[in-house]
Each structure stands twice: as structure tokens, then as C-alpha cells.
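Taking it in order: structure first as C-alpha cells, then the write-up.
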Number of protein chains: 2
Amino acid sequence: MKPALVVQKYGGSSVADPARIRAVARRVVAARRTGKQLVVVVSALGDTTDELVELAAEVSKHPPQREMDLLLSTGEQVSAALLAMAIRSLGVKAAAFTGAQVGIITDRAHTQARIQDVSAKRIHDALKRGCVVTVAGFQGMTPDQEITTLGRGGSDLTAVALASALKAKACEIYTDVEGVYTADPRIVPNARKLSAVSYDEMLELASLGAQVMQARSIEVAKKYGIKLHLRSSFSKRAGTVIGKEEKRMEQMVVSGVTLRKDEAKVTIQDVPDRPGVAAKIFKRIADSRVNVDMIVQNESKKGHTDVSFTVDRADLRKVMQVARRATQEVKGGKVTSDPGIAKLSVVGVGMRSHSGIAAKMFEALADESVNIGMISTSEIKISITIRREQGAQAVRAIHDAFGLGKVGAKVKAKGSKGRKR
Amino acid sequence: MKPALVVQKYGGSSVADPARIRAVARRVVAARRTGKQLVVVVSALGDTTDELVELAAEVSKHPPQREMDLLLSTGEQVSAALLAMAIRSLGVKAAAFTGAQVGIITDRAHTQARIQDVSAKRIHDALKRGCVVTVAGFQGMTPDQEITTLGRGGSDLTAVALASALKAKACEIYTDVEGVYTADPRIVPNARKLSAVSYDEMLELASLGAQVMQARSIEVAKKYGIKLHLRSSFSKRAGTVIGKEEKRMEQMVVSGVTLRKDEAKVTIQDVPDRPGVAAKIFKRIADSRVNVDMIVQNESKKGHTDVSFTVDRADLRKVMQVARRATQEVKGGKVTSDPGIAKLSVVGVGMRSHSGIAAKMFEALADESVNIGMISTSEIKISITIRREQGAQAVRAIHDAFGLGKVGAKVKAKGSKGRKR
């Protein structure tokens, strides 16, 4: 029987210094000794990437992106080499490779390249020789041999892409948290670790501030059906498995409550209700490189409507200038802003088939006298804006209302059996 | 007319921090603005290589060499990227490359690979686009795409190899000294900077402790006829040109006096005078990875001879053990050592055609009551061992005797005109 192949990925905090690298090596070796074949993707040591960015800033105000990639990719190369050395010193064969060496081929979009192909030939060769393979994450190479990096969360992406190319049995993402929780444990002390979530739930949770994995890697894992096991490199406990939606997941109507503070709201009043007007406004904002989060627009009255959207509070000043100019162009009305909001979201695949989730959520907020600003929903998510100072209180109230806490606090979905998908 | 192509190389102290990298960038840009095409090879920033070696030591007692190369090569990659950024920020196009990217192909001898081929295709392409090209020194790639490093002085080697492959007009080696001197200025205050030396002289000077360039790079430069200009990155003054032996060089009989402290002498007495005996002894020592410097053996008497050699004082204990075992094997006599010696050498192509150099040297030493231990000579060099504490005094005496100091202190060779070579 062919031995099981597992891809592991260790983030920067897991390989922050030589002592932690040795700890990771011990974990890898323990897994190897159970007979598994292992491919281990690593991020740069601790703050290395920040230090390299700082160096670049000291020699250039606008460092060219091609050279930035050449610079930044060294961080992961160092980690991969050191981890292979640490594994070897424990008596297990190991070989380190750069992203380019293992054939991670990307497009030419320096600093945020997209993976186009993975050959992984050299990984197969090294595995055949009995080696644990360590791979520098976050990087690849264009077909004409330019070194590229994959942008934020790039090492996760490397791990997922390799797991897919190698048809790995598992892809384990090691980080400094124990998994995905029903809410931020700092806000909700009895928040519970989820043993499993679906890709879609994780996507909503990631983009809503769960900050554990970048949305891009989850999308790729979903596309190729790679089951992810998100867990802590500092403990032996099982973490959260991210996979296809399964029956057992449907027992939970709501899987988590997230809060994103530091949002700001912009409202453009009396926008002419004609095709192309909204497009023009949001094109201008996108050109200014500000990320827009929620967008809400209501039915128009008398040929005009109000459009509201949220952005990072840090971007508010910039986006207001852009929004005012854009609004003048389209002959819209006043542009107002509110820097004091937070976004609260409830996520769960179960809510798709269950009415009353919104009602229960709004009721819980009313009981706490929390006023709701904007509302926006997707199939598996309800997001609202509230006053920032009421954020924590609101999360706790909703977490309780849905019975998400520890100790027999599960909410079973009724009538979910036999539902066809 | 095709613009002149110049290869420059900057050592670690020249690119020790962002401020110095910016200074190098200004120098490069100034040269570029005179119309030259430039290829700039860089070492790792200041102590980076030592720091990486230290990291490796913290995760492994015996780091595998292949991974060591993957680790160490990042240092130069960082420098090349940063320098290109700094040049670009001064408004001049620049592109950075790793050794692998510019096609520096080596053998598989990790940590001290030998260059086998240089394609430099990508350098030509970048130069055509009007770029200054920066290249990570000290590294290459095997034909099967393993990253290798070239060992000590490897960045000099990269520069010389590229100068040869690109048919560069000049190869400028920037360092933290102003050039090659007639003696160490710390010992001999009126030591003079040589404007030119031959490859052979430089080879002797380099291996004798001048420490400016590694012998290997000079050998390659000699082989391919690359003229080197050794100069300081901290001043605009011309340095020392290392090139083919020319007439004007012959005016100087002696070009320099070097001193190597921290030597130790080992003597093996009564070695049987048979073929293969010396080979056996020195094979054993080589296997123990101790470098032997001078070896002296005199005529044998009654079928036995004494062999003496010098090593770094730090290696004395180790080499004594090895030498004792080896001597037993060949049935030699006593093995003795002297840890308190220094080696003094006089170098000059001129001495080849002039007798009396040794006599003048020994006379100068006798005047200072310096006793001579071993004597060893080559065509252009006379080396002797003396007591370490008399080293500085001896260098000054010889430097004076040959009139090497500044201000009209040249010694002209008589009768050297018209000599055929």
C-alpha cells in the first residue's frame, strides 16, 4: 500500500526562532515515524517579512515589485532550509526547495501572482528517496524564470496547491490558534471551537475578520476539494476541519458570530437611479485602491436612491474625497459619513433552510437596546452595522441567543433531515 | 560604437546597511551616466552570512551542505534586490538577478562549487533594455537546478566569471581598502599603494595574508586575462590594477612584504627517505581538513630526513595528533612543534631576473638580529619563518632595505631592459 501523503503548513509564528523550528521539526519527525510521507510548507521566520519590507523602504520610496519579490522570497527560503536542517539533525532525511524549484508556476503579477501550474516533479523524486520535503511558501516562478510572490496568505495557498497537485490525503494548516471558534474568545469567553465547518462558512468567517486563513486559499481548497485541518502548532489537540458541507454540519444552524471593528460608513444621497451610475462611483473608489466591504442600496424613490457602503476606518478620509468627486460627476446629492460603526455577522450553512434566523438575531439585539444600521444578507450570512461601542455586547447576546457556547449549548436544526442539495 | 561594459563588485562592508547601499547606488548611477553599461555583483549585507550560519548552528550540529547553500544564497539575493531598488529610485533602470537566473552553472560541490559555465543571456537582454544589472554574488546553480555557493571569496569569482563571459572592458572590485600595499600600513607607516601588480604577484600576496582577494578569483582572472581594478568603495581614488606582467612592472624588483602571524611549525624527524612516505603523511593531514602552508624538507642523511611544515596556530593541537599517528605508521621519529612563529614573505616578479634579493633580505634581518628559521622560495617569492615577536620589526627592516616606502623610494631594477620573456 502506498503510504499516506500529508501536506503540512507552518505559519510565521510557528517558526519564529530556532527553538520553534526545532519544535516543528520534532512534530514533523513524529508524523514521519508513523509512516506518512510529508511535504512541509513554511512561512518566513516571525517578523522577517516586515524587516525586509522595512529595508526596501530605506533604499527606495517606491520599490519596484519585481525586485520586491526577489527580496521577500528569501524569507521563506531561509525557513525551508532551516527546517530541513532541523529535521535532518533528528535523524530523518529531509530536502528543502524553493517554490521555483518545485515547479510552482505563476503568472507575471509580481507581489500578488496567481498560481497557474504545479509540476511537483522534484517533490515526487525526493519523497521516493525517503525524504521529508520542506518547501518555501508564498512564492513561485513565471514561465520565464522570474521569481514571484503570492501576496497575503500566500503560504496557505502554496500548501493547498501542493496538496492538490500531489493528491495529498490531508492538508494541515498549523497556526497560533486552535481552530475556528463560534466567536472571538476574547469577546465571548464561552466561545466554542468548531470541529468542522464548510468551505462556504469558512469563506464568510475569513472575510469577516476571523483572520485565520485568507479567503483565496479557501477558495482554491474548495475548488479542488482539498480538506483542510486548521490547528495549533503549540498543542496536540485537533483543530477545525474545513471541508465539503456534510450532513452533520447541518445540525448547526449558525456556526459563528464575527465582529469587525474599525469600519466606517459612507452614504451617498440622491443618486440618480440609472444603469451605470453605481458602477461609475465604485469604479472610482476601486481605482483609489480602497477596499469596499458592505454595499447597501434600497429601492429608489422618485428616480433617486441612497447608496451606503463600509470601508476600513483608516481609508475614510481618502474615500470621502473620491466619493465626493464621483458623486458630483453623476450629479448625486450629499455625501455623509459615520466613522463609529462595527460590522457584526452571523454565519452558518444551516440558515439557508431555516427562516427566523434574522428575527432571532434582531430580537436578541433589541433586548440589549442595540440599534441596527445597515443590513445585508447572503445565503449563509447576515451582516449588520451597529455602533462600535456596542459591538462586544451585541456579539455576546447573539452568541447566547443561538446557544453557541460550550456545554450542551447546541442548537439542533429541526426538520433538516432528508433535505436534498 | 558599442558602449563600454564594466563589471563592478561590492563586498559586504560596502553594502553593510541601507545608507551604504544608497551610496553604492549613487556611485553606480554616476558611472552609468557616463554612458557605460554596468553589471554589479554584490555580497551579502555586512554580517548577514555569519548570522545565517549562526541560525543554522542553532537548529543543527552538522547542517547538510545542500540546505546550507539554499540558506546562505539568500544573503546575496537580498543585496542584489535592494541595490536594484536603490538605483531605480535614483531614476536609472535596474534589474536584479540571482546567480541561478543569470545562468552561472556550477558543479555539485555544495558550499564550494566551481563555476563550469556562464550563459549570461538574461544579462544581455536586460542591458539591451537599458538596465543596470545587479547580480547576487557567491552563488550558482547545478545543471539540475540545485542552488550552490562558491565558497570564500565567491562574489569576487562571480564578478570575474561574468566579466569574462560578457567580455567586459573592466572588472572593478570594490572593498574597504584602497588597494594593494607594499606592506601592511599598520606595521609599516610609510607603506605605499601599488598602482599595478601582476596576477602572479597578487596570487602570492593574497595567499600570504594580504586578504584583499581570494587566490581563486585571481587565478580565474589570470586564466581569462581579466584585468582587475581593486579599489575602495569609500573613496574616488584609483586603486591597484591587477593584470598581465608588463614592462613597467619590472622596474620594481620587489613589490611587497607580507607577514603572516599566528603560524605554528611542526617538524617530523627521521622520516624514512622513500617514495610515498611524505605523501602518506600529508594525505592524513589533508583528510583532517587542516591547511598546510609552507613545507620544507632538506637533503636526507643516511636514508632519513626531517620534514617541517607550518599550519594555522589554531590547528596545531589537531595536526599534532594526526602527524604523530601518521609518523608511527611510516616509522618516523620524533614529532615536535613550535607555536611561536610568523611567516614573512617578499614578493615581486622582478626578483626572477635579479640575484641578490635573498642576500639583501637576510642581511637586513641580520642587522636587526632577527634569526631565520625555515626558508622556502618560489620564482617570485622568498618566504622565511621568524620568531613571532620580531615580525613587525623584520617587515619594517626589509621594507626599508628594498626602498619600498613613499617619496622617491623606488628601487629600479638595473639591466632589465630588453629582457625577453
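Scheme for the C-alpha cells: letters A, B, ... for chains in order shown; per-chain residue numbers from 1; ligand numbers from 1 in order shown.
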Selection near Gln390 in chain B, 12 Å with only C-alpha atoms, sequence-local residues under 6 positions removed, as a list in words: Ile187, Leu259, Arg260, Lys261, Gly340, Ile341, Ala342, Lys343, Leu344, Leu365, Glu368, Ser369, Val370, Asn371, Ile372, Arg396 and Ala397 of chain B
Distance table requested - chain B against chain A, cut-off 9 Å, only C-alpha atoms: one row per qualifying residue with the closest atom pair and its distance in Å to one decimal, ordered by chain and rising residue number, as a Markdown table.
```
| residue | atom | partner | partner_atom | distance |
| --- | --- | --- | --- | --- |
| B:Asp17 | CA | A:Leu55 | CA | 8.6 |
| B:Pro18 | CA | A:Val59 | CA | 5.8 |
| B:Ala19 | CA | A:Val59 | CA | 7.6 |
| B:Ile21 | CA | A:Val59 | CA | 7.3 |
| B:Arg22 | CA | A:Val59 | CA | 6.2 |
| B:Leu52 | CA | A:Val78 | CA | 8.4 |
| B:Leu55 | CA | A:Pro18 | CA | 6.7 |
| B:Ala56 | CA | A:Leu82 | CA | 6.1 |
| B:Glu58 | CA | A:Pro18 | CA | 5.9 |
| B:Val59 | CA | A:Ala86 | CA | 4.9 |
| B:Ser60 | CA | A:Ser89 | CA | 5.4 |
| B:Lys61 | CA | A:Ser89 | CA | 7.0 |
| B:His62 | CA | A:Ser89 | CA | 7.2 |
| B:Pro63 | CA | A:Met85 | CA | 5.5 |
| B:Pro64 | CA | A:Met85 | CA | 6.3 |
| B:Arg66 | CA | A:Ala95 | CA | 8.2 |
| B:Glu67 | CA | A:Ala81 | CA | 5.1 |
| B:Met68 | CA | A:Ala81 | CA | 7.0 |
| B:Asp69 | CA | A:Ala81 | CA | 8.5 |
| B:Leu70 | CA | A:Ala81 | CA | 6.1 |
| B:Leu71 | CA | A:Val78 | CA | 5.0 |
| B:Leu72 | CA | A:Val78 | CA | 8.1 |
| B:Ser73 | CA | A:Thr74 | CA | 8.7 |
| B:Thr74 | CA | A:Thr74 | CA | 5.3 |
| B:Gly75 | CA | A:Thr74 | CA | 8.0 |
| B:Gln77 | CA | A:Leu71 | CA | 6.7 |
| B:Val78 | CA | A:Leu71 | CA | 5.1 |
| B:Ser79 | CA | A:Leu71 | CA | 8.2 |
| B:Ala80 | CA | A:Leu71 | CA | 8.4 |
| B:Ala81 | CA | A:Glu67 | CA | 5.1 |
| B:Leu82 | CA | A:Ala56 | CA | 6.2 |
| B:Leu83 | CA | A:Val59 | CA | 7.8 |
| B:Ala84 | CA | A:Glu67 | CA | 7.2 |
| B:Met85 | CA | A:Pro63 | CA | 5.5 |
| B:Ala86 | CA | A:Val59 | CA | 4.9 |
| B:Ile87 | CA | A:Ser60 | CA | 8.5 |
| B:Arg88 | CA | A:Pro64 | CA | 7.8 |
| B:Ser89 | CA | A:Ser60 | CA | 5.4 |
| B:Leu90 | CA | A:Ser60 | CA | 8.7 |
| B:Ala95 | CA | A:Glu67 | CA | 7.3 |
| B:Ala96 | CA | A:Glu67 | CA | 6.4 |
| B:Phe97 | CA | A:Leu70 | CA | 7.9 |
| B:Thr98 | CA | A:Leu70 | CA | 8.3 |
| B:Gln101 | CA | A:Gln145 | CA | 7.1 |
| B:Gln145 | CA | A:Gln101 | CA | 7.1 |
| B:Glu146 | CA | A:Gln101 | CA | 8.0 |
```
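If you look at CA of Leu5 in chain B and CA of Thr48 in chain B, they are 29.6 Å away from each other.
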If you count only C-alpha atoms, which residues fall within 7 Å of range 333-337 of chain A, apart from same-chain ones fewer than 2 positions away, as an MDAnalysis selection string? chainID A and resid 265:271 324 331 339
Just list as a JSON list (two decimals) with C-alpha atoms, in the first residue's frame whatever in range 146-354 of chain B DSSP marks as strand (DSSP E or B).
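Generated file (result-v7.json):
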```json
[["chain", "number", "residue", "atom", "x", "y", "z"],
["B", 147, "ILE", "CA", 21.35, 26.17, -5.69],
["B", 148, "THR", "CA", 25.06, 26.17, -4.87],
["B", 149, "THR", "CA", 27.51, 28.61, -3.30],
["B", 170, "ALA", "CA", 36.93, 46.30, -16.90],
["B", 171, "CYS", "CA", 36.26, 44.44, -13.68],
["B", 172, "GLU", "CA", 36.29, 46.69, -10.65],
["B", 173, "ILE", "CA", 36.47, 45.07, -7.21],
["B", 174, "TYR", "CA", 35.27, 47.49, -4.53],
["B", 175, "THR", "CA", 36.29, 46.79, -0.98],
["B", 181, "TYR", "CA", 50.22, 47.96, -0.45],
["B", 193, "LYS", "CA", 49.93, 51.70, -2.50],
["B", 196, "ALA", "CA", 49.78, 47.87, -10.58],
["B", 197, "VAL", "CA", 50.78, 44.31, -9.80],
["B", 198, "SER", "CA", 50.85, 41.18, -11.91],
["B", 228, "LEU", "CA", 41.05, 43.69, -12.18],
["B", 229, "HIS", "CA", 40.90, 47.10, -10.59],
["B", 230, "LEU", "CA", 40.93, 46.73, -6.85],
["B", 231, "ARG", "CA", 39.73, 49.90, -5.14],
["B", 232, "SER", "CA", 37.83, 51.38, -2.22],
["B", 240, "THR", "CA", 45.60, 48.80, -7.72],
["B", 241, "VAL", "CA", 45.29, 47.28, -11.16],
["B", 242, "ILE", "CA", 45.97, 43.55, -11.30],
["B", 243, "GLY", "CA", 46.88, 42.41, -14.77],
["B", 252, "MET", "CA", 60.22, 47.17, -9.23],
["B", 256, "GLY", "CA", 55.63, 43.90, -1.32],
["B", 257, "VAL", "CA", 56.46, 42.42, 2.02],
["B", 258, "THR", "CA", 53.83, 40.39, 3.83],
["B", 259, "LEU", "CA", 53.65, 38.98, 7.30],
["B", 260, "ARG", "CA", 51.51, 36.14, 8.49],
["B", 261, "LYS", "CA", 51.32, 35.89, 12.23],
["B", 262, "ASP", "CA", 49.63, 33.04, 14.07],
["B", 263, "GLU", "CA", 51.54, 30.33, 12.32],
["B", 264, "ALA", "CA", 52.89, 27.27, 14.03],
["B", 265, "LYS", "CA", 55.62, 24.93, 12.87],
["B", 266, "VAL", "CA", 55.63, 21.15, 13.07],
["B", 267, "THR", "CA", 58.77, 19.11, 12.49],
["B", 268, "ILE", "CA", 58.82, 15.36, 11.91],
["B", 269, "GLN", "CA", 62.28, 13.97, 12.49],
["B", 270, "ASP", "CA", 63.91, 11.00, 10.85],
["B", 271, "VAL", "CA", 61.33, 10.29, 8.20],
["B", 272, "PRO", "CA", 62.42, 7.31, 6.06],
["B", 292, "VAL", "CA", 49.25, 23.22, 5.48],
["B", 293, "ASP", "CA", 51.10, 26.34, 4.37],
["B", 294, "MET", "CA", 54.90, 26.03, 3.91],
["B", 295, "ILE", "CA", 56.53, 22.64, 3.59],
["B", 296, "VAL", "CA", 60.30, 22.38, 3.84],
["B", 297, "GLN", "CA", 62.47, 19.31, 3.56],
["B", 301, "LYS", "CA", 71.21, 11.90, 5.54],
["B", 304, "HIS", "CA", 66.34, 9.65, 6.77],
["B", 305, "THR", "CA", 65.26, 13.27, 6.58],
["B", 306, "ASP", "CA", 63.44, 15.90, 8.65],
["B", 307, "VAL", "CA", 60.23, 17.42, 7.26],
["B", 308, "SER", "CA", 58.86, 20.69, 8.62],
["B", 309, "PHE", "CA", 55.64, 22.44, 7.77],
["B", 310, "THR", "CA", 53.56, 25.32, 9.02],
["B", 311, "VAL", "CA", 49.85, 25.48, 9.87],
["B", 312, "ASP", "CA", 47.49, 27.97, 11.46],
["B", 335, "VAL", "CA", 57.34, 14.99, 16.16],
["B", 336, "THR", "CA", 57.99, 18.45, 17.62],
["B", 337, "SER", "CA", 56.19, 21.75, 17.32],
["B", 338, "ASP", "CA", 56.76, 25.47, 17.73],
["B", 339, "PRO", "CA", 53.67, 27.59, 18.21],
["B", 340, "GLY", "CA", 55.53, 30.92, 18.28],
["B", 341, "ILE", "CA", 56.47, 31.70, 14.69],
["B", 342, "ALA", "CA", 55.48, 34.13, 11.94],
["B", 343, "LYS", "CA", 55.99, 33.87, 8.21],
["B", 344, "LEU", "CA", 57.49, 36.77, 6.34],
["B", 345, "SER", "CA", 57.49, 36.89, 2.57],
["B", 346, "VAL", "CA", 58.99, 39.13, -0.06],
["B", 347, "VAL", "CA", 57.13, 39.09, -3.39]]
```
Can you pull out the residues contacting Pro275 in chain A? Cut-off 12 Å, using only C-alpha atoms, and skip same-chain residues under 4 positions away; I want them as number ranges by chain. A: 271, 279-281, 303-304, 330
Those selected residues, please, written with N, CA and C atoms and delivered as a short mmCIF file (atom, residue, chain, number, x, y, z; two decimals), in the first residue's frame.
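Produced file again.cif, reproduced below:
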```cif
data_model
loop_
_atom_site.label_atom_id
_atom_site.label_comp_id
_atom_site.auth_asym_id
_atom_site.auth_seq_id
_atom_site.Cartn_x
_atom_site.Cartn_y
_atom_site.Cartn_z
N VAL A 271 -28.72 59.51 -5.36
CA VAL A 271 -28.00 59.07 -6.56
C VAL A 271 -29.03 58.81 -7.66
N ALA A 279 -21.93 51.89 -10.93
CA ALA A 279 -20.68 51.36 -11.48
C ALA A 279 -19.62 52.44 -11.52
N LYS A 280 -20.02 53.63 -11.99
CA LYS A 280 -19.07 54.73 -12.10
C LYS A 280 -18.48 55.09 -10.73
N ILE A 281 -19.36 55.16 -9.74
CA ILE A 281 -18.90 55.52 -8.40
C ILE A 281 -17.92 54.48 -7.86
N GLY A 303 -36.98 58.32 -8.77
CA GLY A 303 -35.80 58.30 -9.64
C GLY A 303 -34.48 58.51 -8.93
N HIS A 304 -34.47 58.56 -7.63
CA HIS A 304 -33.23 58.70 -6.89
C HIS A 304 -33.16 57.68 -5.78
N VAL A 330 -21.75 62.28 -11.25
CA VAL A 330 -23.02 61.63 -11.59
C VAL A 330 -24.20 62.47 -11.11
#
```
Set the distance at 7 Å and use only C-alpha atoms: which residues neighbour Val132 in chain B once local chain neighbours fewer than 3 positions away are removed? I'd like the list as a list of chain:residue names. B:Gln37, B:Leu38, B:Val39, B:Lys93, B:Ala94, B:Ala95, B:Leu127
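If only C-alpha atoms are the atoms counted, then among A:Lys121, A:Arg114, A:Arg108, A:Arg325 the closest residue to Pro143 in chain A is A:Arg108.
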Please list as an NGL selection string every residue within 9 Å of Ile105 in chain B, counting only C-alpha atoms and excluding residues in the same chain fewer than 2 positions away. :B and (99-100 or 102-103 or 107 or 114-119 or 140-143 or 145)
Just-selected residues, N, CA and C atoms written as a PDB file, in the first residue's frame:
```pdb
ATOM      1  N   GLY B  99      22.152  34.334  -8.951  1.00  0.00           N
ATOM      2  CA  GLY B  99      23.187  33.671  -9.743  1.00  0.00           C
ATOM      3  C   GLY B  99      22.571  32.646 -10.688  1.00  0.00           C
ATOM      4  N   ALA B 100      21.569  31.908 -10.162  1.00  0.00           N
ATOM      5  CA  ALA B 100      20.898  30.908 -10.987  1.00  0.00           C
ATOM      6  C   ALA B 100      20.235  31.571 -12.192  1.00  0.00           C
ATOM      7  N   VAL B 102      20.988  34.241 -13.871  1.00  0.00           N
ATOM      8  CA  VAL B 102      21.875  34.694 -14.947  1.00  0.00           C
ATOM      9  C   VAL B 102      22.702  33.548 -15.520  1.00  0.00           C
ATOM     10  N   GLY B 103      22.362  32.326 -15.119  1.00  0.00           N
ATOM     11  CA  GLY B 103      22.989  31.176 -15.763  1.00  0.00           C
ATOM     12  C   GLY B 103      24.418  30.904 -15.328  1.00  0.00           C
ATOM     13  N   ASP B 107      29.374  22.975 -10.656  1.00  0.00           N
ATOM     14  CA  ASP B 107      29.321  21.546 -10.355  1.00  0.00           C
ATOM     15  C   ASP B 107      28.471  21.344  -9.096  1.00  0.00           C
ATOM     16  N   ARG B 114      32.317  24.884  -8.059  1.00  0.00           N
ATOM     17  CA  ARG B 114      33.158  25.502  -9.084  1.00  0.00           C
ATOM     18  C   ARG B 114      32.283  25.876 -10.274  1.00  0.00           C
ATOM     19  N   ILE B 115      32.523  27.067 -10.792  1.00  0.00           N
ATOM     20  CA  ILE B 115      31.755  27.514 -11.954  1.00  0.00           C
ATOM     21  C   ILE B 115      32.177  26.709 -13.175  1.00  0.00           C
ATOM     22  N   GLN B 116      31.197  26.200 -13.917  1.00  0.00           N
ATOM     23  CA  GLN B 116      31.503  25.433 -15.116  1.00  0.00           C
ATOM     24  C   GLN B 116      31.142  26.189 -16.377  1.00  0.00           C
ATOM     25  N   ASP B 117      30.120  27.035 -16.259  1.00  0.00           N
ATOM     26  CA  ASP B 117      29.649  27.722 -17.450  1.00  0.00           C
ATOM     27  C   ASP B 117      28.852  28.953 -17.022  1.00  0.00           C
ATOM     28  N   VAL B 118      28.873  29.958 -17.857  1.00  0.00           N
ATOM     29  CA  VAL B 118      28.088  31.162 -17.600  1.00  0.00           C
ATOM     30  C   VAL B 118      27.357  31.507 -18.887  1.00  0.00           C
ATOM     31  N   SER B 119      26.011  31.510 -18.842  1.00  0.00           N
ATOM     32  CA  SER B 119      25.307  31.826 -20.088  1.00  0.00           C
ATOM     33  C   SER B 119      25.072  33.337 -20.214  1.00  0.00           C
ATOM     34  N   GLY B 140      25.493  29.963  -7.564  1.00  0.00           N
ATOM     35  CA  GLY B 140      25.184  29.474  -8.882  1.00  0.00           C
ATOM     36  C   GLY B 140      24.147  28.379  -8.784  1.00  0.00           C
ATOM     37  N   MET B 141      24.056  27.585  -9.839  1.00  0.00           N
ATOM     38  CA  MET B 141      23.056  26.546  -9.910  1.00  0.00           C
ATOM     39  C   MET B 141      23.661  25.372 -10.655  1.00  0.00           C
ATOM     40  N   THR B 142      23.361  24.158 -10.201  1.00  0.00           N
ATOM     41  CA  THR B 142      23.829  22.983 -10.937  1.00  0.00           C
ATOM     42  C   THR B 142      22.940  22.785 -12.161  1.00  0.00           C
ATOM     43  N   PRO B 143      23.364  21.938 -13.114  1.00  0.00           N
ATOM     44  CA  PRO B 143      22.510  21.701 -14.271  1.00  0.00           C
ATOM     45  C   PRO B 143      21.118  21.181 -13.880  1.00  0.00           C
ATOM     46  N   GLN B 145      19.426  22.252 -11.390  1.00  0.00           N
ATOM     47  CA  GLN B 145      18.749  23.330 -10.660  1.00  0.00           C
ATOM     48  C   GLN B 145      18.844  23.288  -9.144  1.00  0.00           C
TER      49      GLN B 145
END
```
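Across the model, the gap from CA of Ser13 in chain B to CA of Tyr199 in chain B is 24.4 Å.
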Grab the CA of Phe402 in chain B to CA of Leu205 in chain B distance for me, in Å with one decimal place. 16.6 Å
Give me, as a ChimeraX atom specification, the residues of range 150-320 of chain A that a backbone DSSP run labels alpha helix (DSSP H). /A:154-165,199-205,215-224,277-287,316-320
